[in-house]
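One structure below.
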Number of protein chains: 2
Amino acid sequence: MAKRKTISIKDVARESGASLTTVSLVLNDRDHRISPATRERVLKAVDRLGYRPNRLAQGLQSQKSGLIAILVPQLRHAFADAYFGELISAIHDHASEVGYKILLEVARPEFIKSNQHQELFDRHFVDGILCCGVTNKDVYLKEFAGAGRAVVVVNNYLPSFKLNHVCCDYKAAGRMAGEYLLDLGHRRMGLIHGAQEVQTSLDLQHGFEEALRDAGVKLPASLVEDGLYTEEGGEAAAKRMMKRNPGVTAILAGNDKMAIGAITGLKDAGFRVPEDVSVVGCDDMHQAGYCDPPLTTVHTPIYELGKRACERLMDLIKGRVDIVEEIHPVNMTIRKSASPPKPA
Amino acid sequence: MAKRKTISIKDVARESGASLTTVSLVLNDRDHRISPATRERVLKAVDRLGYRPNRLAQGLQSQKSGLIAILVPQLRHAFADAYFGELISAIHDHASEVGYKILLEVARPEFIKSNQHQELFDRHFVDGILCCGVTNKDVYLKEFAGAGRAVVVVNNYLPSFKLNHVCCDYKAAGRMAGEYLLDLGHRRMGLIHGAQEVQTSLDLQHGFEEALRDAGVKLPASLVEDGLYTEEGGEAAAKRMMKRNPGVTAILAGNDKMAIGAITGLKDAGFRVPEDVSVVGCDDMHQAGYCDPPLTTVHTPIYELGKRACERLMDLIKGRVDIVEEIHPVNMTIRKSASPPKPA
DNA sequence: CTGAAAGCGCTAACAC
DNA sequence: GTGTTAGCGCTTTCAG
């Protein structure tokens, strides 16, 4: 590979007949005492030479990397997922707007065990970290709590210790879905949640239970299934639930993937959706409009949330704020997977 | 934010009573003349202090960033896509195995226009680039051709100039799907391709045409539609096609998303899949097993491909090879969306 | 076996 | 207005 010699500020200085300092000052627009003539000469040389500042050198000097990391959990194939994709998209869009680049990291057990999440800071890899897909089991996050590091948890939060976060209101989401189904006339409803160790999943459940309770309807343990946040999990959960409770007329799933899986499972077990069983999802991913029937779901503004999280992270990095705690409202997207229960 | 002072090799030297050089030598295992005793002392100090080498300084010295960039095209939300997600996943997994981190970049027009793809190298942001979702229109890639830069095009290639690439055999894919449908007894088939400016899309079409031609079957222009690689596009394309050619009994789509969209469109237009119209996709994404009916599709080993592309990029970076040209075989995954045509 | 010193490319006090 | 110089943290000759 033909090594192209890297041209430095020194070359520009020589070429323009100015000194290193002058060149640096011009380049950074730092000092307005520079004469227009010199300025011009330097800029010309920069152009002629095609000079580009070396960011490793800049970073060494400024103690800033210009990078932020997105930490995602280890899933089947971590990035082949619409939810995380949407989040990453949003973060990338905003970060590049403000001149930051993004590093992708998967929080595998070895990654955490070998303390690489800390090393991202210690070794000056990144200036900040955005944590996605966090669970209550991620105790390593505690090391970030109040440690003066620019870290923001995206669309979740930890109940046991304070961490910067930007999150949707999942309790409201559960409540909203519950009220919607109650309004349709449902009385026997089930829940497929994502995971007991995810706070937002618990919040959704609590909101749902609250809405039902307010209407005098119970949600017994036998009507709560674990769907693992996956299509397969949702499918299996729906089948288990209908087997134990054939009288169920509506199901709320903790995300759209499980809702879609549940629809598959219901159909497979001979139920029509929504005629026999209504299904409501949560997320409103792109996919939700393209299943059969199109999914009625709670819309969580994921893209917007990712953007906000990134903005707040920048605030932390620049020292403009010290803590971040934001909760965003949600709303229902009505499509066709939920309808009134059929008359008994 | 409580600024934690960054501890350097100098601190380790002081703490261990050794010199900078010695510490560096120990750390890099570079020189085996170091006495075990000193070695021990240094390592202890490193531990005690929690010293972590600053990679900006290391990079400045070595002229290596330890990062590679993944360049993806600007889609609706670039990363909320199963295909790219799978690729990114694979690349991340392999890169972190060999100690590299990955940077995510979206090739928006402004990004290219302002030459940021070049700057990634010039400014020492990255040591190499993996280009995904490339089209024949991406002429800027020409600047990478033979320029001695570590760049690999992933799952595509450019017909007009030589670029390092690792790609699936899409011509074989088209041929395979064609032969499968012919074997089932289909004679009137349509194609929904992704985009005319994507070489692999053209290859798929050519392979498909070839298979049909060999069997004496034609693929007239009226049976070729553009599906834009999206669900919506596939849905619209299927509807257009059936309107113009009600006699079509099978459709090949250039990816699974369009195939799934096509199924939606066909159902919507009153056709049963596969009883009235068979649909075959291409990719074999996770999603493919979860639509109704489960999708028969050409399996392209995307994950494996991403891994290979990453390996080859490392070879280029280390100077172990000069050019990369790999084509990977594909095979059919039979599910339920294709069956023999119904008797006329 | 170990240390002093130069240098990677850049920024910023501090002179002049 | 502009240049000299020190230093960011590390690696690596080259002496000892």
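Every chain in the structure tokens has a letter given in the order shown (A, B, ...), and although residue numbers restart at 1 in each chain, ligands are simply numbered from 1 in the order shown.
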At a cut-off of 7 Å, list the chain A residues touching chain D, using only C-alpha atoms (C1' of nucleotides), as a ChimeraX atom specification. /A:19,22,33-35,60-61
Given a cut-off of 10 Å, which residues of chain C touch chain B, counting only C-alpha atoms (C1' of nucleotides), written out as an NGL selection string? :C and (1-4 or 7-9)
If DSSP is run on the backbone, what residues of region 7-165 of chain B are strand (DSSP E)? A reply as a ChimeraX atom specification would be ideal. /B:67-73,101-107,128-132,151-154,165
Just the selected residues (C-alpha atoms), exported as an mmCIF file, in the first residue's frame, please.
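Written file, again.cif:
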```
data_model
loop_
_atom_site.group_PDB
_atom_site.id
_atom_site.type_symbol
_atom_site.label_atom_id
_atom_site.label_comp_id
_atom_site.auth_asym_id
_atom_site.auth_seq_id
_atom_site.Cartn_x
_atom_site.Cartn_y
_atom_site.Cartn_z
ATOM 1 C CA LEU B 67 -10.566 2.186 14.999
ATOM 2 C CA ILE B 68 -12.306 1.187 11.826
ATOM 3 C CA ALA B 69 -15.347 2.897 10.392
ATOM 4 C CA ILE B 70 -18.483 1.277 9.082
ATOM 5 C CA LEU B 71 -19.980 3.425 6.379
ATOM 6 C CA VAL B 72 -23.681 2.863 5.783
ATOM 7 C CA PRO B 73 -25.947 4.663 3.341
ATOM 8 C CA LYS B 101 -13.236 -0.545 17.965
ATOM 9 C CA ILE B 102 -15.777 0.585 15.457
ATOM 10 C CA LEU B 103 -16.981 3.979 14.415
ATOM 11 C CA LEU B 104 -20.346 4.396 12.760
ATOM 12 C CA GLU B 105 -20.747 6.742 9.820
ATOM 13 C CA VAL B 106 -23.646 7.508 7.529
ATOM 14 C CA ALA B 107 -22.719 8.442 3.986
ATOM 15 C CA GLY B 128 -9.731 1.371 7.696
ATOM 16 C CA ILE B 129 -13.260 1.606 6.337
ATOM 17 C CA LEU B 130 -15.907 -0.991 5.596
ATOM 18 C CA CYS B 131 -18.481 0.256 3.095
ATOM 19 C CA CYS B 132 -21.978 -1.210 3.307
ATOM 20 C CA VAL B 151 -11.147 -0.001 2.336
ATOM 21 C CA VAL B 152 -13.429 -2.972 1.698
ATOM 22 C CA VAL B 153 -16.857 -2.910 0.092
ATOM 23 C CA VAL B 154 -19.182 -5.286 1.928
ATOM 24 C CA HIS B 165 -14.807 -6.394 -1.846
#
```
What residues in chain B have any atom no more than 8 Å from chain A when counting only C-alpha atoms, and can you write them as a compact mmCIF listing (two decimals) with N, CA and C atoms, in the first residue's frame?
```txt
# COMPACT_ATOMS: atom_id res chain seq x y z
N MET B 1 -18.52 18.40 37.62
CA MET B 1 -18.04 17.02 37.57
C MET B 1 -16.64 16.90 38.16
N ALA B 2 -16.53 16.07 39.15
CA ALA B 2 -15.25 15.86 39.82
C ALA B 2 -14.20 15.35 38.83
N LYS B 3 -13.30 16.22 38.47
CA LYS B 3 -12.25 15.83 37.53
C LYS B 3 -11.28 14.86 38.21
N THR B 6 -5.76 12.37 35.48
CA THR B 6 -5.37 11.21 34.69
C THR B 6 -3.95 10.81 35.06
N ARG B 52 -3.75 3.23 33.07
CA ARG B 52 -4.24 2.78 31.77
C ARG B 52 -3.62 3.66 30.69
N PRO B 53 -2.95 3.04 29.74
CA PRO B 53 -2.30 3.86 28.70
C PRO B 53 -3.30 4.73 27.95
N ASN B 54 -2.91 5.92 27.68
CA ASN B 54 -3.72 6.87 26.93
C ASN B 54 -3.59 6.56 25.45
N ARG B 55 -4.71 6.18 24.84
CA ARG B 55 -4.59 5.75 23.47
C ARG B 55 -4.41 6.89 22.47
N LEU B 56 -4.71 8.09 22.88
CA LEU B 56 -4.46 9.21 21.99
C LEU B 56 -2.96 9.39 21.85
N ALA B 57 -2.27 9.26 22.98
CA ALA B 57 -0.81 9.37 22.95
C ALA B 57 -0.21 8.19 22.19
N GLY B 59 -1.63 6.47 19.93
CA GLY B 59 -1.98 6.62 18.52
C GLY B 59 -1.10 7.64 17.83
N LEU B 60 -0.86 8.71 18.52
CA LEU B 60 -0.04 9.77 17.94
C LEU B 60 1.33 9.20 17.60
N SER B 65 -5.01 4.43 14.86
CA SER B 65 -6.09 4.84 15.75
C SER B 65 -6.72 3.67 16.49
N HIS B 77 -34.06 5.53 8.57
CA HIS B 77 -33.28 5.64 9.79
C HIS B 77 -32.21 4.59 9.65
N ALA B 78 -31.06 5.04 9.29
CA ALA B 78 -30.03 4.16 8.77
C ALA B 78 -29.83 2.85 9.53
N PHE B 79 -29.89 2.89 10.84
CA PHE B 79 -29.51 1.67 11.54
C PHE B 79 -30.70 0.81 11.95
N ALA B 80 -31.91 1.34 11.73
CA ALA B 80 -33.08 0.56 12.11
C ALA B 80 -33.41 -0.42 11.01
N ASP B 81 -32.45 -1.24 10.65
CA ASP B 81 -32.64 -2.12 9.51
C ASP B 81 -31.95 -3.45 9.78
N ALA B 82 -32.70 -4.50 9.62
CA ALA B 82 -32.19 -5.82 9.97
C ALA B 82 -30.95 -6.20 9.16
N TYR B 83 -30.94 -5.84 7.90
CA TYR B 83 -29.81 -6.23 7.05
C TYR B 83 -28.52 -5.55 7.52
N PHE B 84 -28.57 -4.25 7.68
CA PHE B 84 -27.37 -3.54 8.12
C PHE B 84 -27.02 -3.91 9.56
N GLY B 85 -28.07 -4.14 10.33
CA GLY B 85 -27.83 -4.53 11.71
C GLY B 85 -27.03 -5.81 11.79
N GLU B 86 -27.40 -6.74 10.98
CA GLU B 86 -26.70 -8.03 10.97
C GLU B 86 -25.24 -7.84 10.57
N ILE B 88 -23.43 -5.07 10.80
CA ILE B 88 -22.74 -4.31 11.84
C ILE B 88 -22.39 -5.21 13.01
N SER B 89 -23.36 -6.03 13.37
CA SER B 89 -23.16 -7.01 14.42
C SER B 89 -21.94 -7.87 14.15
N ALA B 90 -21.89 -8.41 12.98
CA ALA B 90 -20.81 -9.30 12.60
C ALA B 90 -19.48 -8.57 12.65
N HIS B 92 -18.73 -5.82 14.31
CA HIS B 92 -18.38 -5.49 15.68
C HIS B 92 -17.78 -6.69 16.40
N LYS B 101 -11.92 -1.08 17.65
CA LYS B 101 -13.24 -0.54 17.97
C LYS B 101 -13.84 0.00 16.69
N ILE B 102 -15.17 0.12 16.69
CA ILE B 102 -15.78 0.59 15.46
C ILE B 102 -16.55 1.89 15.59
N LEU B 103 -16.39 2.66 14.54
CA LEU B 103 -16.98 3.98 14.41
C LEU B 103 -18.10 3.84 13.40
N LEU B 104 -19.23 4.49 13.68
CA LEU B 104 -20.35 4.40 12.76
C LEU B 104 -20.47 5.67 11.95
N GLU B 105 -20.57 5.55 10.64
CA GLU B 105 -20.75 6.74 9.82
C GLU B 105 -21.85 6.53 8.80
N GLU B 119 -11.33 12.37 5.09
CA GLU B 119 -10.80 12.91 6.35
C GLU B 119 -10.69 11.85 7.43
N ASP B 122 -7.30 10.92 6.60
CA ASP B 122 -6.36 12.04 6.68
C ASP B 122 -6.18 12.55 8.10
N ARG B 123 -7.27 12.56 8.84
CA ARG B 123 -7.18 13.11 10.19
C ARG B 123 -6.90 12.03 11.23
N HIS B 124 -6.60 10.86 10.73
CA HIS B 124 -6.24 9.75 11.61
C HIS B 124 -7.37 9.33 12.55
N PHE B 125 -8.59 9.46 12.04
CA PHE B 125 -9.71 8.99 12.82
C PHE B 125 -9.73 7.46 12.82
N ALA B 147 -5.78 3.55 -3.94
CA ALA B 147 -5.12 4.69 -3.30
C ALA B 147 -4.34 4.24 -2.08
N GLY B 148 -4.15 2.96 -1.96
CA GLY B 148 -3.37 2.46 -0.83
C GLY B 148 -4.07 2.67 0.49
N ARG B 149 -5.39 2.65 0.46
CA ARG B 149 -6.13 2.84 1.70
C ARG B 149 -6.87 1.55 2.01
N GLU B 231 -40.49 -2.50 2.54
CA GLU B 231 -41.78 -3.18 2.63
C GLU B 231 -42.83 -2.48 1.78
N GLY B 261 -43.43 -7.28 2.12
CA GLY B 261 -44.34 -6.25 1.62
C GLY B 261 -45.22 -6.80 0.50
N THR B 264 -48.02 -8.86 1.84
CA THR B 264 -49.06 -7.96 2.35
C THR B 264 -49.92 -7.45 1.19
N TYR B 290 -40.98 -15.36 10.56
CA TYR B 290 -42.10 -14.90 11.38
C TYR B 290 -43.17 -14.14 10.65
N CYS B 291 -43.21 -14.28 9.32
CA CYS B 291 -44.32 -13.64 8.63
C CYS B 291 -45.31 -14.74 8.29
N ASP B 292 -46.40 -14.35 7.69
CA ASP B 292 -47.45 -15.32 7.40
C ASP B 292 -47.78 -15.30 5.92
N GLY B 319 -1.09 -4.82 6.23
CA GLY B 319 -0.24 -4.98 5.07
C GLY B 319 -0.01 -6.44 4.67
N ASP B 322 -2.78 -7.07 -0.47
CA ASP B 322 -2.93 -5.81 -1.18
C ASP B 322 -4.30 -5.63 -1.79
```
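Proximity ranking of B:Leu182, B:Leu313, B:Ile112, B:Leu252 relative to Gln205 (chain B) places B:Leu252 first, based on only C-alpha atoms.
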Residues near Ser160 (chain A), cut-off 12 Å, only C-alpha atoms (C1' of nucleotides), skip fewer than 6 positions along chain, as a short mmCIF file (atom, residue, chain, number, x, y, z; two decimals) with N, CA, C and O atoms, in the first residue's frame:
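Contents of out-v4.cif, as written:
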```cif
data_model
loop_
_atom_site.label_atom_id
_atom_site.label_comp_id
_atom_site.auth_asym_id
_atom_site.auth_seq_id
_atom_site.Cartn_x
_atom_site.Cartn_y
_atom_site.Cartn_z
N THR A 135 -30.65 -3.04 32.16
CA THR A 135 -31.55 -3.75 33.07
C THR A 135 -31.12 -3.50 34.51
O THR A 135 -30.02 -3.00 34.76
N ASN A 136 -31.99 -3.89 35.44
CA ASN A 136 -31.68 -3.72 36.86
C ASN A 136 -30.48 -4.56 37.28
O ASN A 136 -29.90 -4.34 38.34
N LYS A 137 -30.14 -5.51 36.46
CA LYS A 137 -29.02 -6.38 36.80
C LYS A 137 -27.66 -5.77 36.43
O LYS A 137 -26.63 -6.31 36.80
N ASP A 138 -27.71 -4.70 35.70
CA ASP A 138 -26.46 -4.10 35.25
C ASP A 138 -25.82 -3.28 36.36
O ASP A 138 -25.72 -2.06 36.28
N VAL A 139 -25.38 -3.97 37.39
CA VAL A 139 -24.85 -3.29 38.57
C VAL A 139 -23.57 -2.53 38.28
O VAL A 139 -23.22 -1.60 39.00
N LEU A 141 -23.15 -0.39 36.30
CA LEU A 141 -23.48 1.01 36.04
C LEU A 141 -23.30 1.87 37.28
O LEU A 141 -23.08 3.06 37.19
N LYS A 142 -23.38 1.21 38.41
CA LYS A 142 -23.23 1.93 39.67
C LYS A 142 -21.90 2.67 39.72
O LYS A 142 -21.79 3.74 40.30
N ALA A 145 -22.28 6.07 38.68
CA ALA A 145 -23.15 6.97 39.42
C ALA A 145 -22.34 8.00 40.19
O ALA A 145 -21.50 7.66 41.02
N GLN A 199 -36.69 -2.16 34.40
CA GLN A 199 -37.55 -1.26 35.14
C GLN A 199 -38.74 -0.75 34.32
O GLN A 199 -39.86 -0.69 34.80
#
```
With only C-alpha atoms (C1' of nucleotides) as the counted atoms, please give the residues lying no more than 9 Å from Cys167 (chain A), apart from itself and same-chain residues fewer than 2 positions off, as a count of residues only. 15
